[in-house]
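Here the structure is laid out as structure tokens; the discussion comes afterwards.
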Amino acid sequence: MPPMRLSPQVIRAIGQILAVSYPLLALSTGARGVYQLCCKPGVSDYLAPAITTVAAACYLLATLGFVIRKPGIWRLAVGLLSFETAGVLLVGTLTVLKPTVIGHTAWSYFGKDYGFLPLLQPILGLVWLLWRENREAYGV
């Protein structure tokens with residue numbers, strides 16, 4: 001069986017989805033994290049809101065990585081998306097196995113509160129960034 005090949009139309013669609021979903025997720029998780037850190041009464045453990053705020057920063061920086069076409073930005077975006085993927089897998093696994101260890105974050109249960117976008121987006125982003133034509137567009 002030949003290897004699966006994605007068409008340019010599919011890659012373009014992935015890019016369009018990322019262009020809309022990443023800024024929205026950055027905004028929603030950023031608002032959630034800041035609210036939990038600064039405004040929510042009775043917060044005694046700041047680990048979960050801190051993780052959510054870090055996720056929001058990753059989403060915002062990754063958004064810039066999809067827009068600015070420079071080799072250094074491409075490397076930064078690939079690194080961020082790899083970090084996101086590892087983070088959501090680690091936090092998601094921990095919340096399934098030991099829900100009380102971390103608390104409720106944007107990455108809890110693999111991003112369940114956000115329609116599993118935190119799990120799917122970095123994978124789609126890596127596919128998009130690693131696509132040959134997009135690497136060439138970044139000069140990589």
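Each chain of the structure tokens is named A, B, ... in the order shown, its residues numbered from 1; ligands are numbered from 1 in display order.
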Residue list (alpha helix (DSSP H), DSSP) for chain A, as a PyMOL selection string: chain A and resi 8-34+47-67+71-97+99-102+117-130+132-138
Region 23-35 of chain A environment, 12 Å, only C-alpha atoms, sequence neighbours closer than 3 positions dropped, as a PDB file with N, CA, C and O atoms, in the first residue's frame:
ATOM      1  N   GLN A  16      -6.097  27.307   6.876  1.00  0.00           N
ATOM      2  CA  GLN A  16      -7.226  28.198   7.126  1.00  0.00           C
ATOM      3  C   GLN A  16      -7.863  27.905   8.479  1.00  0.00           C
ATOM      4  O   GLN A  16      -8.235  28.824   9.217  1.00  0.00           O
ATOM      5  N   ILE A  17      -7.967  26.640   8.829  1.00  0.00           N
ATOM      6  CA  ILE A  17      -8.511  26.266  10.143  1.00  0.00           C
ATOM      7  C   ILE A  17      -7.605  26.807  11.252  1.00  0.00           C
ATOM      8  O   ILE A  17      -8.084  27.385  12.234  1.00  0.00           O
ATOM      9  N   LEU A  18      -6.302  26.645  11.096  1.00  0.00           N
ATOM     10  CA  LEU A  18      -5.355  27.126  12.099  1.00  0.00           C
ATOM     11  C   LEU A  18      -5.378  28.642  12.223  1.00  0.00           C
ATOM     12  O   LEU A  18      -5.254  29.183  13.332  1.00  0.00           O
ATOM     13  N   ALA A  19      -5.546  29.335  11.098  1.00  0.00           N
ATOM     14  CA  ALA A  19      -5.572  30.796  11.113  1.00  0.00           C
ATOM     15  C   ALA A  19      -6.740  31.338  11.940  1.00  0.00           C
ATOM     16  O   ALA A  19      -6.639  32.419  12.521  1.00  0.00           O
ATOM     17  N   VAL A  20      -7.816  30.591  12.017  1.00  0.00           N
ATOM     18  CA  VAL A  20      -8.979  31.015  12.799  1.00  0.00           C
ATOM     19  C   VAL A  20      -8.940  30.439  14.210  1.00  0.00           C
ATOM     20  O   VAL A  20      -9.174  31.147  15.195  1.00  0.00           O
ATOM     21  N   CYS A  38      -5.879  35.996  38.668  1.00  0.00           N
ATOM     22  CA  CYS A  38      -6.011  37.331  39.245  1.00  0.00           C
ATOM     23  C   CYS A  38      -7.355  37.632  39.907  1.00  0.00           C
ATOM     24  O   CYS A  38      -7.401  38.431  40.836  1.00  0.00           O
ATOM     25  N   CYS A  39      -8.410  37.066  39.423  1.00  0.00           N
ATOM     26  CA  CYS A  39      -9.738  37.529  39.831  1.00  0.00           C
ATOM     27  C   CYS A  39     -10.603  36.496  40.534  1.00  0.00           C
ATOM     28  O   CYS A  39     -11.526  36.868  41.264  1.00  0.00           O
ATOM     29  N   LYS A  40     -10.374  35.235  40.294  1.00  0.00           N
ATOM     30  CA  LYS A  40     -11.238  34.197  40.851  1.00  0.00           C
ATOM     31  C   LYS A  40     -11.003  34.068  42.358  1.00  0.00           C
ATOM     32  O   LYS A  40      -9.877  33.846  42.795  1.00  0.00           O
ATOM     33  N   PRO A  41     -12.069  34.208  43.139  1.00  0.00           N
ATOM     34  CA  PRO A  41     -11.897  34.081  44.583  1.00  0.00           C
ATOM     35  C   PRO A  41     -11.686  32.626  44.988  1.00  0.00           C
ATOM     36  O   PRO A  41     -12.189  31.704  44.362  1.00  0.00           O
ATOM     37  N   VAL A  43      -8.933  30.747  44.984  1.00  0.00           N
ATOM     38  CA  VAL A  43      -7.942  29.916  44.308  1.00  0.00           C
ATOM     39  C   VAL A  43      -6.790  29.670  45.281  1.00  0.00           C
ATOM     40  O   VAL A  43      -6.173  30.596  45.789  1.00  0.00           O
ATOM     41  N   TYR A  46      -2.203  27.484  42.298  1.00  0.00           N
ATOM     42  CA  TYR A  46      -2.032  28.267  41.082  1.00  0.00           C
ATOM     43  C   TYR A  46      -1.413  27.478  39.937  1.00  0.00           C
ATOM     44  O   TYR A  46      -1.162  28.032  38.885  1.00  0.00           O
ATOM     45  N   LEU A  47      -1.178  26.184  40.109  1.00  0.00           N
ATOM     46  CA  LEU A  47      -0.566  25.380  39.052  1.00  0.00           C
ATOM     47  C   LEU A  47      -1.463  25.296  37.822  1.00  0.00           C
ATOM     48  O   LEU A  47      -1.014  25.542  36.700  1.00  0.00           O
ATOM     49  N   ALA A  48      -2.726  24.950  38.005  1.00  0.00           N
ATOM     50  CA  ALA A  48      -3.644  24.797  36.866  1.00  0.00           C
ATOM     51  C   ALA A  48      -3.808  26.101  36.088  1.00  0.00           C
ATOM     52  O   ALA A  48      -3.683  26.112  34.857  1.00  0.00           O
ATOM     53  N   PRO A  49      -4.083  27.250  36.753  1.00  0.00           N
ATOM     54  CA  PRO A  49      -4.185  28.488  35.986  1.00  0.00           C
ATOM     55  C   PRO A  49      -2.871  28.875  35.306  1.00  0.00           C
ATOM     56  O   PRO A  49      -2.886  29.438  34.207  1.00  0.00           O
ATOM     57  N   ALA A  50      -1.748  28.555  35.942  1.00  0.00           N
ATOM     58  CA  ALA A  50      -0.454  28.859  35.320  1.00  0.00           C
ATOM     59  C   ALA A  50      -0.255  28.032  34.056  1.00  0.00           C
ATOM     60  O   ALA A  50       0.216  28.555  33.039  1.00  0.00           O
ATOM     61  N   ILE A  51      -0.621  26.762  34.096  1.00  0.00           N
ATOM     62  CA  ILE A  51      -0.514  25.911  32.902  1.00  0.00           C
ATOM     63  C   ILE A  51      -1.417  26.445  31.797  1.00  0.00           C
ATOM     64  O   ILE A  51      -1.023  26.502  30.626  1.00  0.00           O
ATOM     65  N   THR A  52      -2.624  26.863  32.147  1.00  0.00           N
ATOM     66  CA  THR A  52      -3.548  27.414  31.152  1.00  0.00           C
ATOM     67  C   THR A  52      -2.980  28.695  30.547  1.00  0.00           C
ATOM     68  O   THR A  52      -3.080  28.914  29.331  1.00  0.00           O
ATOM     69  N   THR A  53      -2.360  29.534  31.359  1.00  0.00           N
ATOM     70  CA  THR A  53      -1.775  30.774  30.859  1.00  0.00           C
ATOM     71  C   THR A  53      -0.577  30.488  29.954  1.00  0.00           C
ATOM     72  O   THR A  53      -0.398  31.145  28.925  1.00  0.00           O
ATOM     73  N   VAL A  54       0.230  29.499  30.305  1.00  0.00           N
ATOM     74  CA  VAL A  54       1.345  29.087  29.438  1.00  0.00           C
ATOM     75  C   VAL A  54       0.803  28.568  28.102  1.00  0.00           C
ATOM     76  O   VAL A  54       1.342  28.884  27.030  1.00  0.00           O
ATOM     77  N   ALA A  55      -0.275  27.791  28.154  1.00  0.00           N
ATOM     78  CA  ALA A  55      -0.893  27.290  26.918  1.00  0.00           C
ATOM     79  C   ALA A  55      -1.341  28.458  26.046  1.00  0.00           C
ATOM     80  O   ALA A  55      -1.116  28.461  24.829  1.00  0.00           O
ATOM     81  N   ALA A  56      -1.965  29.470  26.666  1.00  0.00           N
ATOM     82  CA  ALA A  56      -2.427  30.640  25.908  1.00  0.00           C
ATOM     83  C   ALA A  56      -1.257  31.365  25.251  1.00  0.00           C
ATOM     84  O   ALA A  56      -1.349  31.787  24.092  1.00  0.00           O
ATOM     85  N   ALA A  57      -0.151  31.498  25.970  1.00  0.00           N
ATOM     86  CA  ALA A  57       1.033  32.148  25.394  1.00  0.00           C
ATOM     87  C   ALA A  57       1.570  31.340  24.212  1.00  0.00           C
ATOM     88  O   ALA A  57       1.959  31.915  23.185  1.00  0.00           O
ATOM     89  N   CYS A  58       1.570  30.025  24.347  1.00  0.00           N
ATOM     90  CA  CYS A  58       1.999  29.161  23.233  1.00  0.00           C
ATOM     91  C   CYS A  58       1.108  29.370  22.022  1.00  0.00           C
ATOM     92  O   CYS A  58       1.600  29.474  20.890  1.00  0.00           O
ATOM     93  N   TYR A  59      -0.203  29.421  22.245  1.00  0.00           N
ATOM     94  CA  TYR A  59      -1.145  29.606  21.136  1.00  0.00           C
ATOM     95  C   TYR A  59      -0.919  30.950  20.443  1.00  0.00           C
ATOM     96  O   TYR A  59      -0.953  31.034  19.219  1.00  0.00           O
ATOM     97  N   LEU A  60      -0.682  31.984  21.228  1.00  0.00           N
ATOM     98  CA  LEU A  60      -0.465  33.309  20.655  1.00  0.00           C
ATOM     99  C   LEU A  60       0.822  33.344  19.842  1.00  0.00           C
ATOM    100  O   LEU A  60       0.840  33.828  18.702  1.00  0.00           O
ATOM    101  N   LEU A  61       1.901  32.809  20.395  1.00  0.00           N
ATOM    102  CA  LEU A  61       3.175  32.792  19.674  1.00  0.00           C
ATOM    103  C   LEU A  61       3.113  31.888  18.444  1.00  0.00           C
ATOM    104  O   LEU A  61       3.700  32.202  17.402  1.00  0.00           O
ATOM    105  N   ALA A  62       2.403  30.782  18.555  1.00  0.00           N
ATOM    106  CA  ALA A  62       2.255  29.899  17.386  1.00  0.00           C
ATOM    107  C   ALA A  62       1.478  30.604  16.279  1.00  0.00           C
ATOM    108  O   ALA A  62       1.785  30.433  15.095  1.00  0.00           O
ATOM    109  N   THR A  63       0.481  31.410  16.648  1.00  0.00           N
ATOM    110  CA  THR A  63      -0.274  32.181  15.659  1.00  0.00           C
ATOM    111  C   THR A  63       0.674  33.080  14.871  1.00  0.00           C
ATOM    112  O   THR A  63       0.592  33.151  13.642  1.00  0.00           O
ATOM    113  N   LEU A  64       1.565  33.752  15.585  1.00  0.00           N
ATOM    114  CA  LEU A  64       2.544  34.596  14.899  1.00  0.00           C
ATOM    115  C   LEU A  64       3.439  33.753  13.995  1.00  0.00           C
ATOM    116  O   LEU A  64       3.819  34.193  12.917  1.00  0.00           O
ATOM    117  N   GLY A  65       3.749  32.555  14.442  1.00  0.00           N
ATOM    118  CA  GLY A  65       4.576  31.660  13.646  1.00  0.00           C
ATOM    119  C   GLY A  65       3.926  31.221  12.344  1.00  0.00           C
ATOM    120  O   GLY A  65       4.610  30.889  11.384  1.00  0.00           O
ATOM    121  N   PHE A  66       2.600  31.236  12.308  1.00  0.00           N
ATOM    122  CA  PHE A  66       1.908  30.880  11.066  1.00  0.00           C
ATOM    123  C   PHE A  66       1.869  32.052  10.091  1.00  0.00           C
ATOM    124  O   PHE A  66       1.647  31.868   8.913  1.00  0.00           O
ATOM    125  N   VAL A  67       2.080  33.267  10.603  1.00  0.00           N
ATOM    126  CA  VAL A  67       1.928  34.463   9.786  1.00  0.00           C
ATOM    127  C   VAL A  67       3.261  35.001   9.276  1.00  0.00           C
ATOM    128  O   VAL A  67       3.366  35.408   8.131  1.00  0.00           O
ATOM    129  N   HIS A 104      -7.632  21.546  37.029  1.00  0.00           N
ATOM    130  CA  HIS A 104      -8.344  21.740  35.769  1.00  0.00           C
ATOM    131  C   HIS A 104      -7.658  22.809  34.931  1.00  0.00           C
ATOM    132  O   HIS A 104      -7.640  23.978  35.294  1.00  0.00           O
ATOM    133  N   THR A 105      -7.088  22.411  33.795  1.00  0.00           N
ATOM    134  CA  THR A 105      -6.371  23.316  32.906  1.00  0.00           C
ATOM    135  C   THR A 105      -6.981  23.248  31.506  1.00  0.00           C
ATOM    136  O   THR A 105      -7.870  22.433  31.238  1.00  0.00           O
ATOM    137  N   ALA A 106      -6.447  24.072  30.613  1.00  0.00           N
ATOM    138  CA  ALA A 106      -6.871  24.013  29.216  1.00  0.00           C
ATOM    139  C   ALA A 106      -6.488  22.682  28.577  1.00  0.00           C
ATOM    140  O   ALA A 106      -7.114  22.237  27.623  1.00  0.00           O
ATOM    141  N   TRP A 107      -5.452  22.033  29.135  1.00  0.00           N
ATOM    142  CA  TRP A 107      -4.979  20.765  28.582  1.00  0.00           C
ATOM    143  C   TRP A 107      -5.529  19.550  29.327  1.00  0.00           C
ATOM    144  O   TRP A 107      -5.217  18.412  28.974  1.00  0.00           O
ATOM    145  N   GLY A 111      -7.739  18.483  26.483  1.00  0.00           N
ATOM    146  CA  GLY A 111      -8.432  19.648  25.931  1.00  0.00           C
ATOM    147  C   GLY A 111      -9.921  19.466  25.778  1.00  0.00           C
ATOM    148  O   GLY A 111     -10.541  20.119  24.938  1.00  0.00           O
ATOM    149  N   ASP A 113     -12.459  20.523  27.431  1.00  0.00           N
ATOM    150  CA  ASP A 113     -13.263  21.750  27.562  1.00  0.00           C
ATOM    151  C   ASP A 113     -13.264  22.592  26.292  1.00  0.00           C
ATOM    152  O   ASP A 113     -14.132  23.444  26.108  1.00  0.00           O
ATOM    153  N   TYR A 114     -12.292  22.391  25.452  1.00  0.00           N
ATOM    154  CA  TYR A 114     -12.159  23.173  24.225  1.00  0.00           C
ATOM    155  C   TYR A 114     -12.354  22.303  22.978  1.00  0.00           C
ATOM    156  O   TYR A 114     -11.761  22.561  21.932  1.00  0.00           O
ATOM    157  N   GLY A 115     -13.171  21.285  23.110  1.00  0.00           N
ATOM    158  CA  GLY A 115     -13.474  20.428  21.968  1.00  0.00           C
ATOM    159  C   GLY A 115     -12.276  19.663  21.451  1.00  0.00           C
ATOM    160  O   GLY A 115     -12.201  19.360  20.264  1.00  0.00           O
ATOM    161  N   PHE A 116     -11.332  19.357  22.325  1.00  0.00           N
ATOM    162  CA  PHE A 116     -10.102  18.638  21.999  1.00  0.00           C
ATOM    163  C   PHE A 116      -9.205  19.388  21.013  1.00  0.00           C
ATOM    164  O   PHE A 116      -8.264  18.821  20.476  1.00  0.00           O
ATOM    165  N   LEU A 117      -9.492  20.675  20.786  1.00  0.00           N
ATOM    166  CA  LEU A 117      -8.616  21.467  19.917  1.00  0.00           C
ATOM    167  C   LEU A 117      -7.183  21.539  20.428  1.00  0.00           C
ATOM    168  O   LEU A 117      -6.242  21.508  19.619  1.00  0.00           O
ATOM    169  N   PRO A 118      -6.960  21.637  21.760  1.00  0.00           N
ATOM    170  CA  PRO A 118      -5.570  21.658  22.215  1.00  0.00           C
ATOM    171  C   PRO A 118      -4.775  20.406  21.833  1.00  0.00           C
ATOM    172  O   PRO A 118      -3.555  20.469  21.729  1.00  0.00           O
ATOM    173  N   LEU A 119      -5.446  19.303  21.614  1.00  0.00           N
ATOM    174  CA  LEU A 119      -4.764  18.086  21.172  1.00  0.00           C
ATOM    175  C   LEU A 119      -4.585  18.072  19.657  1.00  0.00           C
ATOM    176  O   LEU A 119      -3.527  17.704  19.143  1.00  0.00           O
ATOM    177  N   GLN A 121      -4.876  20.743  17.356  1.00  0.00           N
ATOM    178  CA  GLN A 121      -4.233  21.892  16.709  1.00  0.00           C
ATOM    179  C   GLN A 121      -2.728  21.768  16.534  1.00  0.00           C
ATOM    180  O   GLN A 121      -2.227  22.035  15.437  1.00  0.00           O
ATOM    181  N   PRO A 122      -1.977  21.411  17.579  1.00  0.00           N
ATOM    182  CA  PRO A 122      -0.524  21.363  17.340  1.00  0.00           C
ATOM    183  C   PRO A 122      -0.125  20.281  16.342  1.00  0.00           C
ATOM    184  O   PRO A 122       0.846  20.460  15.600  1.00  0.00           O
TER     185      PRO A 122
END
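Atom pair CA of Tyr138 (chain A) / CA of Trp74 (chain A): separated by 6.5 Å.
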Between CA of Phe110 (chain A) and CA of Trp128 (chain A), distance in Å (one decimal):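 Straight-line distance from CA of Phe110 (chain A) to CA of Trp128 (chain A) works out to 20.8 Å.
For the pair CA of Gly42 (chain A) and CA of Thr95 (chain A), the separation is 21.4 Å.
Residues in contact with Val127 (chain A) at up to 12 Å, not including ones fewer than 2 positions away on its chain and judged by only C-alpha atoms, are Arg5, Leu6, Pro8, Val10, Ile11, Arg12, Ala13, Ile14, Gly15, Leu18, Ala77, Val78, Leu81, Ser82, Leu120, Gln121, Pro122, Ile123, Leu124, Gly125, Leu129, Leu130, Trp131, Arg132, Glu133, Asn134 and Arg135 of chain A.
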